[in-house]
Structure formats: structure tokens, C-alpha cells
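Undergrad: Just dropping this structure here.
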There are 2 protein chains.
Amino acid sequence: MSSSTTTPTTGQDGLWSVEEHLDDILATVRPLEPIELQLLDAQGCVLVEDVTVPVPLPPFDNSSMDGYAVRVADVEGASEEFPAVLRVVGDVAAGSGERVTVGAGQAARIMTGAPLPPGAEAVVPVEWTDGGLGEGPVTGMRAHSAAPEGASGEVQVHRPAEARAHVRARGSDVRAGDRALSAGTVLGPPQIALLAAIGRGTVKVRPRPRVVVMSTGSELVQPGEALAEGQIHDSNSFALTAAARDAGAIAYRVGAVGDDAETLRSTIEDQLIRADLVVTTGGVSVGAYDVVKEALTGVGDPDEESGIGAGGGMEFRKLAMQPGKPQGFGTIGPDHTPLLALPGNPVSSYVSFEVFVRPAIRMLMGLPEVKRTSARAELVCDKALGSPAGRRQFLRGSHDPGAGRVEPVGGPGSHLIAALAHANALIVIPEDTTSVEPGADVEVVLLG
Amino acid sequence: MSSSTTTPTTGQDGLWSVEEHLDDILATVRPLEPIELQLLDAQGCVLVEDVTVPVPLPPFDNSSMDGYAVRVADVEGASEEFPAVLRVVGDVAAGSGERVTVGAGQAARIMTGAPLPPGAEAVVPVEWTDGGLGEGPVTGMRAHSAAPEGASGEVQVHRPAEARAHVRARGSDVRAGDRALSAGTVLGPPQIALLAAIGRGTVKVRPRPRVVVMSTGSELVQPGEALAEGQIHDSNSFALTAAARDAGAIAYRVGAVGDDAETLRSTIEDQLIRADLVVTTGGVSVGAYDVVKEALTGVGDPDEESGIGAGGGMEFRKLAMQPGKPQGFGTIGPDHTPLLALPGNPVSSYVSFEVFVRPAIRMLMGLPEVKRTSARAELVCDKALGSPAGRRQFLRGSHDPGAGRVEPVGGPGSHLIAALAHANALIVIPEDTTSVEPGADVEVVLLG
């Protein structure tokens, strides 16, 4: 692929279909190479190794209650009226390292999670005893620091216990050699919990992709600064940086670059060092000042050996899509970094992000599902919605999942950014549909 | 409220209900004070001001196409056979600042987004012209840098245009004085797009809460380090730090603190400087080494004037809940920082986080909905599930939203962390239910 404006092999009217373009992007963008990350740095990432349990979990038989570790025969038939009276030979606190052995007629005071001491066969909860106080059932133990005598003396046990009662067996959660997690698992809090529990401090995952976002256009002014005549505020670089983060990326907003090809080329080249993906907006249409097209013409030329020109090349296409007809895509620079060049209208760029960039980011992450969730909904509107023949139209909609309904928000204009801010879905009108009646069943892409 | 183990006013068996405990937490935790943040730092935060549009959007009439700005009368009746021939008086590029006026018989070459020049009434797309080349319809313009002559000479227009055709009117998106966004809006990418577009560089929002997470227990060892006898790896501080981030917080993992009350007190005190909320795990039950209970007894004592003891006080409760029966909650330190003390079993702490801490974090953020989404699902299992009378049980489940079914994963044991890592929902069995048959309709809390 070298820099060119091409025509599709299968499309009509010289236009590429949304699927053709997305397929080409996904065929070029490959999942990032895995790296070993600290557990909490791997949150949200995809595991690339099967993780096996090295030691059983729990690693030893332990108590599930605060109570007394006893022998079964010693508490047989015990009741509040006729308690079993046992000699307390010490405390077994979790992690204390002290060793106590429970002999006949003896009990060890034991805390939740502490190892079942040698000789003991079961645990009786402290609520089934007098807690060593000789005054009927208690609701808990006094703190060891305040009442060290609780680790000695006698305890009256009011109920019998079966063997292994209130004992969590070694390996009852997972056994050594079990598969803890499989490659391909996305690491959320519970998966991180399991990895920590089996002792994994680091884990091999695909990292979050670094996405560089820049908008182009000499008319763009930073929000917060005053507008001169003919100027507007840059919103695309903010919106797409936020959207890239939302998709899971580490996103860098470069901001707006003016319509000068040399400046744009050198800005992109500077950014390549920190980019797994570059996203631009604007400058991809048929005008005389379409700077992205101009700047990236020549990329992929065999004579270019370094700089951004050394990439695989850029292709600028017209898609059977509204908004979002002009799109550019290719790879640039010595590492063949993927670049997606989106149109500049705010709604066009946002919809293009959803349809093409978000899947590319999720592909880089190695996620199993790269697309947004779609649903069917009943269209709520006053009159039929028109849609251009041969174009897949994406309208902004307000979707009520409970009612299974969607209502268009604002009109189809690609500059209507206010409506976008009040939408939670895109309504998809297929290429072969030119009118959709109120009450029709439509596809919606859920944005949140 | 001073440090104490209290009994509920309305509960049974001396136990507090899940709702009572959550209500008390939410009544104490207030939304954080708003601050002014840069737009991209406000992503995911709640807006606390109504934002009004200061200038119309678009700020000026502009072209929606790359083409020629013309007078309607000059292109009336134009066709490919009988084109209107106009003199090109210059280029109007977006943001160029150059001024061109279109007189009778004249056209200005105009780019998408550029201001409609004085005198012009409509835009004809470049595809409806010969592009100044005199050789039939073109598909686009040549770049100005390569072909500057395109801004002069003559152009043949092949179609007529109505007044305002391909012109986006000033204020057609939003008008000055319109409400752009209302207080209470959560700022996602489209809302950030709109704020940037209307020129807002900063915005007033409630910040993300800073949540300090620490686990307690002398048996805890950092993952990646070897276990001595009786030790286990700390997983709670990892799981809850990840879960706090997932809920929207900035989370700091302190890690595991041993069962020494003085050490724990001073660790918590050190952390208060960066905490909007403190979460601990372990040490809240009825054992003799329950360090959290011990360390925080005395908080809220009127004699304590500084340090963590100066807070509103801690309350340790038993809840009608499984897992998660022992819970502590209160405020500590001079700023009355909220502290939630969760039980130490991994599944208990995770479920407690979901039920109590996540809503607290979202309350701190000022989010309108603090709870997870619940759904109803058909229970898929081989035999009836038992549940203790008078306890709300939370079982781990694998939920298939498409089929409307949920299947329990693993058993009810509160140490079964492997099962948790394969669940995507909690199955809720109400207090008054002791058995649930296969096929029953159950409540599920969706975890993803």
C-alpha cells in the first residue's frame, strides 16, 4: 500500500463499505507485544499466559471462626447445662508463628484464618463457649492486649463439634497445579484478587496502547482562549483523547496543528516515539488545504528510508457512510505505526472514532471483543427518518434499554455537537434503507 | 457516635440489616467539595454548574463542503451542458483570516468550515464544477501548495444552488444563552467535546475521591514473596484498590499492616493527609487479635482533640448478611474522614466493598446513581440452594444477560476466591428465604 486515493474492489459508486474499511484496519493493527507488569498496573489488561496455582489455597488447614480448636471426643455431648471443660493451652493467632499442640482434654484459642494446631480436629466458635469467663455464653473474645489471661485457664464448651467443623481445608479453594486463569482473561478486581492470593506479584499482559491524538486546522483555537473572526475552538482533540482513554488506551492530546504540511509532518514524526497509534482529525477531504492528505502523501515510497515516510503507506478513501465519508488509514514511520486520519467535523470525527478507532485500540489490547454492544430498539419519532441511499447513516439517539426504545437526538448534521452530548447511542440506518418509519425496529450501538 | 459495638434499633437477632448499614454510611459520606479542573482532568466527574453557551455554535455562517461560494442568481439554470462560468476571486480557507468578497459573476473557492464570504449566498460542492480545469466534473481540488492557480481563473458550475445551500448557519448547533449542560451531568467524551467547542478550558466538578486501602493481619505476605508456615499472601489490598479505581476513585494501596494496634493507628494517621475515605480489611470480628477494632476504640472520645482519635467515632456491627457479617464504620481524625472497616476473608471483603464501599465512593463523587445495576434472572442449578434464615446471602454467579439466566459459581464459602474470579454477578438471596429452587427468579447484581 502506498499513498493514494484508491477505489474499492467490491463497493458501489466508488465508495468503500464500513466493513471493508474496518476489516482492513483490523487486519493491519496487531495486538501489542506482552510485557510483565506489576499486578495493579495490569488492571484492565489481557493476560497472555495461562496461570497455574503454585501452592494450594488455603495453603494450610485453618479456622473459619474465632473460637477454640478442640478434639471431637472431648466435646461429645456437650451442652450449656453439661459443658465440656477444657484446659486452654494457648492462642493460635493468624500469622503469629507460635506453635501449640492440642492434647486430650485441651483446647487452643484460635482466630479466623489461623492454622489448625496439631492434635485438634475441629473448631468451636467462641459464641458456643463461656470464653473462659465461667459465666455462660459470650459474644466474643476480649482483646489479647487487654486480657492476656484469655490464652490460658479453662473454657466451658456448650456444644459438640463434628470432625473438621469450622475448618477450611488446605486446597479447598484451589489446588496446586490447577489452572487459576487462562490466557485471554481480562484482569478486573476479582482476577487481581486471585492472582495476589496465589502469590503472583507480576503478570504477563498486553499493555495499554499509547494513542497520540491531534486535530488539524488553522481555524482551531484552544478552549479558554478568545476567538478571532473565522476561528472556532478545538474540540476534537479533547473528545477523542477522552474517548481513547475510555476505550482503555493511554492517550496523549497533542492539540491542534495548523494547515501546514511540513509542520504537521514534523509534529507527527516527533510523536512517533510515544505512539502505538496516531489519530488525526481534519484535512482528509477534497479541498485545497487538506493538510493530512498532503502531509502523508509519499509515505511508503520505497525511496524513503527513515522518518514517517518509511511506513507502509497511507490510503485515503471515501466510505459509504454518513457522517464520516472521507477516511485515511495506513502505517507510517520506521515501526510502521498505524495512523487513522478522521474527518474534521466534530460529529464525523466522533462517529468515526466509535466505528474505527475504538476497535483498533481494543485490537491493540488483545481484547476478545473489539466492537461496542449493539441492540435492537423501537424507533420513537414523529415522522419517518430519511437516509441517503447507499450510505450507512449513524444518527445520535437517546436509548432507553428498559423500554427497548430509541429516540433521535438532534438532526443528521455532522456539526451538531450539542445533540451528541445528549445521546447515549448511535442509531444505525443501513445502506439500502432510505426511510425509517416511526415504530420501526432499528439497530442501536450503545455508547456507555 | 462513639466507639462501641451497638445493637440495631430495628433489626432482629441483634443484627443490623444491609439497608440500615448502607443508609447510615450514605448519610455520613457527603459529596466532595467541587473544584475547577482542566477539561480532560474532569473526565468521569460530575458537573456542579449549569453551563451556558457564551457564543453561538457555529460562531459564523460556514461551508459544509469543499466547493465554491456563489450568488444564487449567477448559477440559476446551470448544467453540465450549459455551465455558469464564474471568475474565481480567491480562496477562503478555514482560519486563514484572508477576506474575499463575492460580487456578481464571481465565485470564491471555499473549504469546509470556512466562513461564507460577504456577497455569497450558497456553496456549490467542487464535484458540481470543473474545478477550474475546463475539463468536465472533478472529484476534488488540487492542493493549494502544489497548484496555487486554483484560487484564480474561471470555474464552470454545472448545477444551480438554492440560497443557503451547503451553508451551516451561525447558531444552528447551539445559540448563545442556551443551556449546554446541566449541573449533575457526568462528563464523558461527548460532553467534553461540547464544553471544548463552546470554549470552556476548565470546568467545575466534584473531584475523584482519594481512597486509601489497607489490609490487616500478621499472616499476610506480599505476593511474589515466599510464604513461611501459617502465612498467606495479601490479596485484599490489591483487589480493593483495583475495585476502588473501577468505581471511579484515585486509590492508594498501603498494603498489609500487622496485628499491632499502635502500628495500625499510626499508619492510618499518616495516611489521612491523602484520604477522602479509608478502607481496611480484617480485624473487625470477635477474636482476641482483631486489631482494627482495638486500634479504633477510643476514636470520638471527647478528650481526644487531635490525631485519628478526634473523629466522630467508629461503630462495629454485626449484619444480617453472608458473607460480610462483621462491619465497622465511622469517621476518624480532625476532618472526620470516613473509614469503612471490612471483614478480612477475601470474598467477604470483596462483597462488602460492592455493597458498601462502592456506593460510598460514588456518593463522594456526587454521582446520581450510587448502586450497581440489578436484574432478575432464572437460577440455573442442579439442586435447591440453601441460605441461612435471617441473612441476606450474596452468592457468586455467572450471568448470561441474553438468556436471562444465572448459574452459581463455586460454593458459599467466604474464602473461595477462585470462584469469585470466574463470576460476573452476585446472586442475592433475601433474608426470609432459606431455599431457592432451580428455575427460580432471583435478583442478580451485575458486576461489570
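Ligands are numbered from 1 in the order shown, residues from 1 within each chain, and chains are lettered A, B, ... in the order they appear in the C-alpha cells.
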With a distance cut-off of 6 Å and only C-alpha atoms, select the neighbouring residues of segment 229-237 of chain A, excluding the residue or stretch itself and same-chain residues fewer than 3 positions from it, and output the selection as a VMD selection string.

TA: (chain A and resid 213 to 215 219 to 223 240 to 241 255 346) or (chain B and resid 95 115 193 196 to 197 199)

Undergrad: Would you pick out the contacts of Glu121 of chain A at 8 Å or less, using only C-alpha atoms, so that residues sharing its chain but fewer than 5 positions from it are not included, and give the list as a ChimeraX atom specification?

TA: /A:69-72,116,163-165

Undergrad: Report, in Å with one decimal, the straight-line distance from atom CA of Val55 of chain B to atom CA of Arg168 of chain B.

TA: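 For atom CA of Val55 of chain B relative to atom CA of Arg168 of chain B, the distance reads 15.4 Å.
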
Undergrad: With a distance cut-off of 8 Å and only C-alpha atoms, select the neighbouring residues of segment 276-281 of chain B, excluding the residue or stretch itself and same-chain residues fewer than 5 positions from it, and output the selection as an NGL selection string.

TA: :B and (209-216 or 236-237 or 292 or 337-344 or 349 or 357 or 361)

Undergrad: Go ahead and save the picked residues with all heavy atoms, as a short mmCIF file (atom, residue, chain, number, x, y, z; two decimals), in the first residue's frame.

TA:
```
data_model
loop_
_atom_site.label_atom_id
_atom_site.label_comp_id
_atom_site.auth_asym_id
_atom_site.auth_seq_id
_atom_site.Cartn_x
_atom_site.Cartn_y
_atom_site.Cartn_z
N PRO B 209 -12.63 10.93 44.43
CA PRO B 209 -12.17 10.75 45.81
C PRO B 209 -10.87 9.96 45.89
O PRO B 209 -10.62 9.07 45.09
CB PRO B 209 -13.32 9.98 46.47
CG PRO B 209 -14.11 9.39 45.36
CD PRO B 209 -13.88 10.22 44.14
N ARG B 210 -10.06 10.33 46.88
CA ARG B 210 -8.82 9.59 47.14
C ARG B 210 -9.11 8.56 48.21
O ARG B 210 -9.50 8.90 49.33
CB ARG B 210 -7.74 10.57 47.60
CG ARG B 210 -7.43 11.66 46.56
CD ARG B 210 -6.79 12.85 47.20
NE ARG B 210 -7.64 13.37 48.27
CZ ARG B 210 -7.20 14.10 49.30
NH1 ARG B 210 -5.91 14.38 49.41
NH2 ARG B 210 -8.03 14.54 50.22
N VAL B 211 -8.95 7.31 47.84
CA VAL B 211 -9.30 6.21 48.74
C VAL B 211 -8.03 5.46 49.14
O VAL B 211 -7.28 5.00 48.27
CB VAL B 211 -10.30 5.24 48.06
CG1 VAL B 211 -10.58 4.04 48.95
CG2 VAL B 211 -11.59 5.98 47.72
N VAL B 212 -7.78 5.38 50.44
CA VAL B 212 -6.62 4.64 50.95
C VAL B 212 -7.08 3.25 51.38
O VAL B 212 -8.04 3.11 52.13
CB VAL B 212 -5.99 5.39 52.13
CG1 VAL B 212 -5.00 4.50 52.88
CG2 VAL B 212 -5.31 6.67 51.65
N VAL B 213 -6.41 2.24 50.83
CA VAL B 213 -6.79 0.85 51.11
C VAL B 213 -5.68 0.16 51.88
O VAL B 213 -4.51 0.18 51.45
CB VAL B 213 -7.05 0.08 49.79
CG1 VAL B 213 -7.39 -1.37 50.08
CG2 VAL B 213 -8.15 0.76 48.98
N MET B 214 -6.01 -0.44 53.02
CA MET B 214 -5.00 -1.25 53.72
C MET B 214 -5.65 -2.51 54.26
O MET B 214 -6.78 -2.52 54.70
CB MET B 214 -4.31 -0.46 54.84
CG MET B 214 -5.20 0.04 55.93
SD MET B 214 -4.25 1.05 57.12
CE MET B 214 -4.27 2.64 56.30
N SER B 215 -4.89 -3.59 54.16
CA SER B 215 -5.34 -4.84 54.77
C SER B 215 -4.60 -5.01 56.08
O SER B 215 -3.53 -4.44 56.28
CB SER B 215 -5.09 -6.02 53.83
OG SER B 215 -3.78 -5.96 53.31
N THR B 216 -5.17 -5.77 56.99
CA THR B 216 -4.52 -6.02 58.27
C THR B 216 -4.40 -7.52 58.50
O THR B 216 -5.23 -8.30 58.03
CB THR B 216 -5.30 -5.40 59.44
OG1 THR B 216 -6.53 -6.13 59.61
CG2 THR B 216 -5.60 -3.93 59.21
N ASN B 236 -6.39 -8.88 49.56
CA ASN B 236 -7.45 -7.87 49.73
C ASN B 236 -7.02 -6.47 49.32
O ASN B 236 -7.78 -5.74 48.69
CB ASN B 236 -7.91 -7.82 51.19
CG ASN B 236 -8.73 -9.04 51.56
OD1 ASN B 236 -9.19 -9.77 50.69
ND2 ASN B 236 -8.90 -9.27 52.85
N SER B 237 -5.81 -6.08 49.70
CA SER B 237 -5.41 -4.70 49.40
C SER B 237 -5.29 -4.50 47.89
O SER B 237 -5.55 -3.40 47.38
CB SER B 237 -4.12 -4.32 50.12
OG SER B 237 -3.01 -5.01 49.57
N VAL B 292 -8.24 -3.92 64.13
CA VAL B 292 -8.91 -2.70 63.69
C VAL B 292 -9.85 -2.21 64.79
O VAL B 292 -9.86 -1.03 65.17
CB VAL B 292 -9.67 -2.92 62.37
CG1 VAL B 292 -10.51 -1.71 62.01
CG2 VAL B 292 -8.68 -3.23 61.25
N THR B 337 -12.75 12.00 58.64
CA THR B 337 -12.62 11.22 57.42
C THR B 337 -13.38 9.90 57.59
O THR B 337 -13.17 9.19 58.57
CB THR B 337 -11.14 10.92 57.15
OG1 THR B 337 -10.42 12.16 57.13
CG2 THR B 337 -10.95 10.20 55.82
N PRO B 338 -14.23 9.56 56.64
CA PRO B 338 -14.94 8.29 56.77
C PRO B 338 -14.01 7.10 56.64
O PRO B 338 -13.06 7.12 55.85
CB PRO B 338 -15.97 8.31 55.63
CG PRO B 338 -15.56 9.41 54.72
CD PRO B 338 -14.68 10.35 55.47
N LEU B 339 -14.26 6.09 57.46
CA LEU B 339 -13.48 4.84 57.41
C LEU B 339 -14.46 3.68 57.40
O LEU B 339 -15.38 3.61 58.22
CB LEU B 339 -12.54 4.73 58.61
CG LEU B 339 -11.62 3.50 58.63
CD1 LEU B 339 -10.25 3.85 59.23
CD2 LEU B 339 -12.23 2.31 59.36
N LEU B 340 -14.28 2.79 56.43
CA LEU B 340 -15.06 1.57 56.37
C LEU B 340 -14.14 0.40 56.67
O LEU B 340 -13.14 0.20 55.97
CB LEU B 340 -15.72 1.38 55.00
CG LEU B 340 -17.11 2.05 54.87
CD1 LEU B 340 -16.98 3.54 54.78
CD2 LEU B 340 -17.85 1.50 53.67
N ALA B 341 -14.48 -0.33 57.73
CA ALA B 341 -13.66 -1.47 58.17
C ALA B 341 -14.38 -2.74 57.76
O ALA B 341 -15.43 -3.07 58.31
CB ALA B 341 -13.46 -1.41 59.68
N LEU B 342 -13.81 -3.43 56.76
CA LEU B 342 -14.45 -4.62 56.20
C LEU B 342 -13.85 -5.87 56.82
O LEU B 342 -12.71 -5.85 57.30
CB LEU B 342 -14.25 -4.67 54.68
CG LEU B 342 -14.51 -3.39 53.89
CD1 LEU B 342 -14.36 -3.67 52.40
CD2 LEU B 342 -15.89 -2.84 54.18
N PRO B 343 -14.59 -6.97 56.78
CA PRO B 343 -14.01 -8.23 57.27
C PRO B 343 -12.85 -8.67 56.37
O PRO B 343 -12.67 -8.17 55.27
CB PRO B 343 -15.18 -9.21 57.21
CG PRO B 343 -16.17 -8.61 56.26
CD PRO B 343 -15.98 -7.13 56.32
N GLY B 344 -12.08 -9.65 56.86
CA GLY B 344 -10.82 -9.99 56.21
C GLY B 344 -10.86 -11.14 55.22
O GLY B 344 -9.95 -11.27 54.40
N SER B 349 -14.63 -9.49 52.02
CA SER B 349 -14.20 -8.11 51.83
C SER B 349 -14.63 -7.61 50.46
O SER B 349 -15.06 -6.47 50.30
CB SER B 349 -12.69 -7.96 52.03
OG SER B 349 -11.98 -8.48 50.93
N VAL B 357 -18.79 -0.04 50.03
CA VAL B 357 -17.74 0.92 49.71
C VAL B 357 -17.99 1.58 48.36
O VAL B 357 -17.84 2.79 48.20
CB VAL B 357 -16.34 0.26 49.73
CG1 VAL B 357 -15.27 1.33 49.49
CG2 VAL B 357 -16.10 -0.44 51.06
N ILE B 361 -18.07 5.55 47.59
CA ILE B 361 -17.21 6.25 46.64
C ILE B 361 -18.04 7.07 45.66
O ILE B 361 -17.75 8.23 45.37
CB ILE B 361 -16.31 5.24 45.88
CG1 ILE B 361 -15.25 4.67 46.82
CG2 ILE B 361 -15.68 5.89 44.65
CD1 ILE B 361 -14.44 3.52 46.22
#
```

Undergrad: Enumerate as a PyMOL selection string all residues of segment 188-436 of chain B assigned to strand (DSSP E or B) by DSSP on the backbone, naming them with the chain letters and numbers the document uses.

TA: chain B and resi 202-206+210-216+220-221+232-233+250-257+277-281+313-319+321-322+326-332+337-342+374-379+385-386+392-400+405-408+425-429+435-436
